[in-house]
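S.K.: If you scroll down you'll find the structure; I have some questions about it.
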Amino acid sequence: MITYTRFYFALLFCITSIFGMAQNTNSTNKEAKVLLKQAGQSFLKLDSKKSLDFAQKALVIATKIDDDLLAAKAYNIIGLNFEEFTDYKQAIEYYNKGLVLANKVDNDTVKGWLNNNLGNLYCYRKIDFHKGIKHYKEGLKYSIKHNDYYEIMFSKLNIGSAYFAVEDFSNGIQYFNEVKDYVDKEGDNEAKISLNSNFGAYYNHLNNNQKAEEYYLKAVHYCEQNDIELIKSNASDVYNDISNFYYKIKNFEKAHFYLLKHDDLQDKIYNEERLNDVKVAGLQIEHDEINREIDQIKKEKEIQQEKLQANRVFVILLGVIFLILLLLLLSLIRNNKIKAKANSDLKEANRELLIAKEKAEEASQLKTQFISTISHELRTPLYGVVGITDIILDEHKELTNSPHLKSLKFSAKYLLSLVNDILKVYKIEENQVILEDMVFNLQDELSIIKDSLHFLAIKNSNQIDINVDTNIPEILVGDKIRLSQIFINLISNSLKFTNEGNVTVKADLIEKIGTKCYLKFQVIDNGIGIAKQDQEKVFDKFVQVYRKEDDYQGTGLGLTIVKKMVELFNGTINLESEENVGTTITFTIPLESDVTKVKSIINNLDVDLSIKKEYKILVVEDNKINQVVTKKLLENNHFKCQIVDDGYAALDLIDKVKFDAILMDINMPIINGFDTSKLIRQKGITIPIIAVTAFDKQDIEDKIIDAQIDEVIVKPFESHKLFETIKRLVDK
């Protein structure tokens with residue numbers, strides 16, 4: 001017989017924690033908790049009559065005060081008593097009643113107890129081992145969720161025992177090996193009895209008699225140290241197992257000795273008086289259960305009578321409504337002629353609205369064109385400002401700490417950020433942003449974002465925590481760049497308005513339908529919060545609820561961009577906040593988990609930026625300031641370059657000089673960068689052409705492909721990105 005370790009320790013936990021609840025509970029609630037404690041203590045002594053009496057009284061109180069959690073605990077103790085002495089079917093019934101209530105209040109601890117006790121009943125009583133293992137594993141899930149190593153130990157002992165019982169030793173031994181060290185160091189007598197007796201059974205199965213006897217005797221040793229009445233049933237099983245073992249190896253003297261100990265202990269535990277006490281108490285509990293069901297039926301009958309009365313009122317109201325509708329019908333006929341005239345007027349209004357719509361669309365197109373043009377015109381001089389500032393700092397190291405240069409560079413980058421944000425908002429509004437499919441790992445992406453915001457976090461002494469649901473597939477398919485932009489905006493915003501606090505990013509799987517995963521993300525901070533009257537407008541454009549005296553950054557577009565990008569994903573977003581407590585922003589979006597839909601994955605390769613050979617670059621640029629900036633930038637990093645003012649000059653020069661790559665401006669007089677690139681390709685020249693432009697890449701993507709331009713870099717840019725692109729294209 002396999003020895004199970006039953007989840008009575010869960011009952012002990014129930015007993016010891018009863019008085020750890022809130023102090024403001026009423027006296028009736030406290031009385032029920034005291035009764036549950038007494039029921040548990042009596043059960044440990046196998047005094048089932050008292051245990052059932054106390055549990056029944058606690059159940060009555062819990063039912064009266066509608067405390068489902070206390071009722072679930074009471075059903076658990078009642079089920080334990082029935083399982084130990086009488087009817088297993090009734091034990092299952094009471095365990096399941098408790099489980100329904102535990103699920104109702106969503107109490108993981110009690111759900112764990114009841115699942116493990118159901119597992120014990122199905123396996124220990126040899127009713128249904130597969131169903132028992134299923135309940136054990138459900139209980140183990142709650143133990144792991146709360147990192148309760150003690151409960152994890154008992155769950156794995158029981159799962160292993162269940163596998164042994166159906167002679168699946170290969171699966172069972174894994175669970176015993178996982179907890180062996182913990183049981184030896186931290187386990188109580190009950191755990192050690194179970195572990196050693198099962199190892200004895202395992203080696204007995206392998207016919208390793210020496211090892212089997214060693215472990216059986218260890219189990220006997222711990223049985224003889226036990227003084228808890230309830231656990232003596234485990235000791236009885238151990239005596240029976242070792243007796244069978246000695247009988248198998250023909251040591252009949254010891255087999256007879258342990259068989260006598262087994263029989264003696266069984267007679268003490270399961271005597272007739274105890275069995276009768278349980279039966280009598282059980283009848284009383286069944287009687288009370290019937291009364292409770294009768295009370296429930298009475299309540300339902302009263303509710304039905306109230307509904308009947310309401311139906312009578314409804315019929316009367318229906319008659320009144322019918323009369324009103326009749327009057328309305330007469331009025332409708334009377335107004336028919338008036339509506340005919342109104343329809344004629346409406347057609348005229350619709351014609352005017354159509355004209356207005358066409359004008360609005362034209363205005364919208366002009367607005368988009370204006371935004372695109374103004375962003376280009378602003379980025380071009382900003383490239384000069386940022387570039388010349390970098391050149392000055394690079395050539396004059398003594399000015400590294402100059403506040404004037406720092407202010408100049410900061411102001412240029414701030415203006416660039418404003419331009420980019422405005423352009424991004426209007427592109428989304430004009431449906432010009434299309435999400436792309438990329439394969440990515442959510443945990444990795446969030447870790448990269450966390451690292452990139454490290455310095456912003458330490459500025460206000462904040463901590464960023466990431467918590468990703470393990471049920472989320474490892475590989476997801478979606479636009480990871482837009483998703484990263486959402487997180488960067490939200491986390492940056494939380495860090496900005498939080499001091500010496502925490503910003504937590506949580507990702508949970510809500511449901512999975514086919515290959516589509518519906519994910520819920522939360523960014524939670526304990527910062528200054530947002531007032532109720534301001535919460536509805538934080539997603540509006542150019543709105544800043546708070547401005548710190550030492551911080552004049554921000555366009556008021558961050559949360560606007562976030563909201564619009566979430567909507568691009570067909571998701572929803574909402575905000576909850578309380579002043580001086582913190583803010584939680586929650587958004588839900590669907591992502592694919594079917595990686596087969598992506599035919600190829602572009603891997604980002606680390607590029608060695610050290611110059612190991614001399615690159616010769618042709619720069620086609622009409623702006624004199626930008627010529628100076630680009631030339632200095634390249635020469636300071638050991639590139640050779642020649643500059644021409646227009647596309648025709650470039651076409652003449654490449655016939656005479658061999659270049660490694662061409663940096664091509666797009667917006668040039670005489671001939672633009674697209675046409676110049678086409679003419680270069682018509683010559684059969686295949687060297688890389690890199691468009692360096694102030695236009696947004698998405699605006700010119702079709703023209704880039706048509707002109708066979710290899711890459712686009714938007715001005716202003718980080719110098720390392722330019723060098724990396726040149727090396728990657730030239731050396732491939």
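Each chain in the structure tokens gets a letter, A, B, ..., in the order shown, and its residues are numbered from 1; ligands are numbered from 1 in order too.
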Identify, on the basis of only C-alpha atoms, every residue whose closest approach to Ile472 in chain A does not exceed 12 Å; exclude the query and any residue fewer than 6 positions from it along the same chain; express the result as a list in words.

M.R.: Asn441, Leu442, Gln443, Lys506, Ala507, Asp508, Leu509, Ile510, Glu511, Lys512, Thr515, Lys516, Cys517, Tyr518, Leu519, Lys520, Phe521, Pro590, Leu591, Glu592 and Ser593 of chain A

S.K.: Could you pull out all residues of range 110-250 of chain A with a DSSP call of helix (DSSP H, G or I) and give them as a PyMOL selection string?

M.R.: chain A and resi 110-124+129-145+149-165+169-186+189-205+209-225+232-248

S.K.: Can you measure CA of Gln698 in chain A to CA of Phe639 in chain A for me? One decimal in Å is fine.

M.R.: 29.1 Å

S.K.: I want to know what sits within 10 Å of range 612-629 of chain A, based on only C-alpha atoms, with residues of the same chain fewer than 2 positions away left out; could you give that as number ranges by chain?

M.R.: A: 380-391, 608-610, 631-634, 638-650, 653-654, 657-669, 673, 676, 689-693, 726-727, 730

S.K.: Any idea what's packed within 9 Å of Ala212 in chain A, counting only C-alpha atoms, ignoring anything in its chain fewer than 2 positions away? Could you give it as a PyMOL selection string?

M.R.: chain A and resi 197+199-210+214-217+245

S.K.: Limited to N, CA, C and O atoms, could you put the picked residues into a file as a short mmCIF file (atom, residue, chain, number, x, y, z; two decimals), in the first residue's frame?

M.R.:
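Writing done, so here's result.cif:
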data_model
loop_
_atom_site.label_atom_id
_atom_site.label_comp_id
_atom_site.auth_asym_id
_atom_site.auth_seq_id
_atom_site.Cartn_x
_atom_site.Cartn_y
_atom_site.Cartn_z
N SER A 197 8.77 5.92 3.23
CA SER A 197 7.97 4.73 2.91
C SER A 197 7.81 4.58 1.40
O SER A 197 7.84 3.46 0.86
N PHE A 199 10.00 5.76 -0.92
CA PHE A 199 11.29 5.32 -1.45
C PHE A 199 11.47 3.82 -1.20
O PHE A 199 12.05 3.09 -2.02
N GLY A 200 10.97 3.34 -0.03
CA GLY A 200 11.01 1.90 0.23
C GLY A 200 10.22 1.14 -0.82
O GLY A 200 10.67 0.11 -1.35
N ALA A 201 9.03 1.66 -1.16
CA ALA A 201 8.20 1.01 -2.18
C ALA A 201 8.89 1.03 -3.55
O ALA A 201 8.80 0.07 -4.33
N TYR A 202 9.59 2.17 -3.83
CA TYR A 202 10.27 2.29 -5.12
C TYR A 202 11.37 1.24 -5.28
O TYR A 202 11.45 0.54 -6.29
N TYR A 203 12.21 1.12 -4.25
CA TYR A 203 13.32 0.16 -4.34
C TYR A 203 12.80 -1.29 -4.22
O TYR A 203 13.42 -2.22 -4.74
N ASN A 204 11.68 -1.47 -3.53
CA ASN A 204 11.04 -2.79 -3.50
C ASN A 204 10.60 -3.19 -4.92
O ASN A 204 10.77 -4.32 -5.35
N HIS A 205 10.05 -2.19 -5.65
CA HIS A 205 9.65 -2.43 -7.04
C HIS A 205 10.85 -2.80 -7.90
O HIS A 205 10.76 -3.63 -8.81
N LEU A 206 12.04 -2.18 -7.62
CA LEU A 206 13.25 -2.47 -8.40
C LEU A 206 13.97 -3.74 -7.92
O LEU A 206 15.03 -4.08 -8.43
N ASN A 207 13.37 -4.38 -6.85
CA ASN A 207 13.98 -5.59 -6.25
C ASN A 207 15.35 -5.30 -5.62
O ASN A 207 16.21 -6.17 -5.53
N ASN A 208 15.55 -4.04 -5.22
CA ASN A 208 16.76 -3.68 -4.47
C ASN A 208 16.40 -3.79 -3.00
O ASN A 208 16.04 -2.82 -2.34
N ASN A 209 16.46 -5.01 -2.45
CA ASN A 209 15.95 -5.29 -1.11
C ASN A 209 16.69 -4.52 -0.03
O ASN A 209 16.11 -4.09 0.97
N GLN A 210 18.00 -4.33 -0.21
CA GLN A 210 18.79 -3.62 0.81
C GLN A 210 18.32 -2.18 0.94
O GLN A 210 18.08 -1.69 2.05
N GLU A 214 16.19 -0.34 4.05
CA GLU A 214 16.76 0.85 4.68
C GLU A 214 15.72 1.97 4.78
O GLU A 214 15.55 2.58 5.83
N TYR A 215 15.00 2.23 3.68
CA TYR A 215 14.02 3.32 3.68
C TYR A 215 12.78 2.95 4.50
O TYR A 215 12.21 3.80 5.20
N TYR A 216 12.34 1.68 4.44
CA TYR A 216 11.19 1.27 5.25
C TYR A 216 11.49 1.46 6.74
O TYR A 216 10.64 1.93 7.51
N LEU A 217 12.69 1.10 7.17
CA LEU A 217 13.04 1.23 8.59
C LEU A 217 13.14 2.70 9.00
O LEU A 217 12.81 3.06 10.14
N PHE A 245 6.70 -6.39 2.74
CA PHE A 245 8.06 -6.48 2.20
C PHE A 245 8.81 -7.69 2.79
O PHE A 245 9.42 -8.47 2.08
#

S.K.: Between A:Glu567, A:Glu348, A:Asp106, A:Asp696, which residue has the minimum interatomic distance to Leu69 in chain A, considering only C-alpha atoms?

M.R.: A:Asp106

S.K.: Name the residues in contact with Val581 in chain A at a cut-off of 9 Å, using only C-alpha atoms, excluding same-chain residues fewer than 6 positions from it; report them as number ranges by chain.

M.R.: A: 525-529

S.K.: Could the residues in this selection be saved with all heavy atoms as a PDB file, in the first residue's frame?

M.R.:
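Writing the result to result03.pdb gives the following:
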ATOM      1  N   ASP A 525       2.288  53.339 -11.150  1.00  0.00           N
ATOM      2  CA  ASP A 525       3.286  54.089 -10.363  1.00  0.00           C
ATOM      3  C   ASP A 525       2.658  54.561  -9.059  1.00  0.00           C
ATOM      4  O   ASP A 525       1.433  54.552  -8.894  1.00  0.00           O
ATOM      5  CB  ASP A 525       3.822  55.278 -11.168  1.00  0.00           C
ATOM      6  CG  ASP A 525       2.761  56.342 -11.443  1.00  0.00           C
ATOM      7  OD1 ASP A 525       2.241  56.918 -10.468  1.00  0.00           O
ATOM      8  OD2 ASP A 525       2.467  56.603 -12.622  1.00  0.00           O
ATOM      9  N   ASN A 526       3.511  54.933  -8.124  1.00  0.00           N
ATOM     10  CA  ASN A 526       3.037  55.502  -6.851  1.00  0.00           C
ATOM     11  C   ASN A 526       3.493  56.945  -6.737  1.00  0.00           C
ATOM     12  O   ASN A 526       4.002  57.376  -5.710  1.00  0.00           O
ATOM     13  CB  ASN A 526       3.521  54.667  -5.654  1.00  0.00           C
ATOM     14  CG  ASN A 526       5.030  54.473  -5.648  1.00  0.00           C
ATOM     15  OD1 ASN A 526       5.718  54.906  -6.567  1.00  0.00           O
ATOM     16  ND2 ASN A 526       5.544  53.832  -4.619  1.00  0.00           N
ATOM     17  N   GLY A 527       3.287  57.676  -7.852  1.00  0.00           N
ATOM     18  CA  GLY A 527       3.702  59.071  -7.913  1.00  0.00           C
ATOM     19  C   GLY A 527       2.643  60.022  -7.404  1.00  0.00           C
ATOM     20  O   GLY A 527       1.802  59.682  -6.570  1.00  0.00           O
ATOM     21  N   ILE A 528       2.646  61.247  -7.967  1.00  0.00           N
ATOM     22  CA  ILE A 528       1.790  62.309  -7.416  1.00  0.00           C
ATOM     23  C   ILE A 528       0.325  62.151  -7.804  1.00  0.00           C
ATOM     24  O   ILE A 528      -0.542  62.778  -7.226  1.00  0.00           O
ATOM     25  CB  ILE A 528       2.299  63.691  -7.855  1.00  0.00           C
ATOM     26  CG1 ILE A 528       2.276  63.818  -9.380  1.00  0.00           C
ATOM     27  CG2 ILE A 528       3.692  63.941  -7.322  1.00  0.00           C
ATOM     28  CD1 ILE A 528       2.684  65.188  -9.887  1.00  0.00           C
ATOM     29  N   GLY A 529       0.046  61.306  -8.810  1.00  0.00           N
ATOM     30  CA  GLY A 529      -1.349  61.082  -9.193  1.00  0.00           C
ATOM     31  C   GLY A 529      -1.932  62.238 -10.000  1.00  0.00           C
ATOM     32  O   GLY A 529      -1.289  63.268 -10.229  1.00  0.00           O
TER      33      GLY A 529
END

S.K.: Excluding range 184-195 of chain A and residues on its chain fewer than 6 positions from it, collect all residues at most 12 Å away from it, counting only C-alpha atoms, and give them as an MDAnalysis selection string.

M.R.: chainID A and resid 1:9 149:162 172:173 175:178 201:202 215:239 241

S.K.: Of the candidates A:Lys496, A:Lys480, A:Lys49, A:Lys131, which shows the shortest atom-to-atom distance to Ser461 in chain A, using only C-alpha atoms?

M.R.: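 Smallest distance to Ser461 in chain A is found for A:Lys496.
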
S.K.: Please, what distance in Å, to one decimal, runs between CA of Glu398 in chain A and CA of Phe455 in chain A?

M.R.: 25.3 Å

S.K.: So which one's closest to Ile481 in chain A, A:Tyr142, A:Phe257, A:Phe440, A:Phe587? Using only C-alpha atoms, please.

M.R.: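 The answer is A:Phe440, which sits nearest to Ile481 in chain A.
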
S.K.: Using only C-alpha atoms, determine which residues lie at most 10 Å from range 485-493 of chain A, disregarding the query and same-chain residues fewer than 5 positions distant; provide the list as a ChimeraX atom specification.

M.R.: /A:445-446,449-450,452-453,456-457,464,480,498,503-505,521-525,554,557-566,585,587

S.K.: Between CA of Ile242 in chain A and CA of Asn116 in chain A, what distance in Å does the model show, to one decimal?

M.R.: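 So the two atoms, CA of Ile242 in chain A and CA of Asn116 in chain A, lie 26.3 Å apart.
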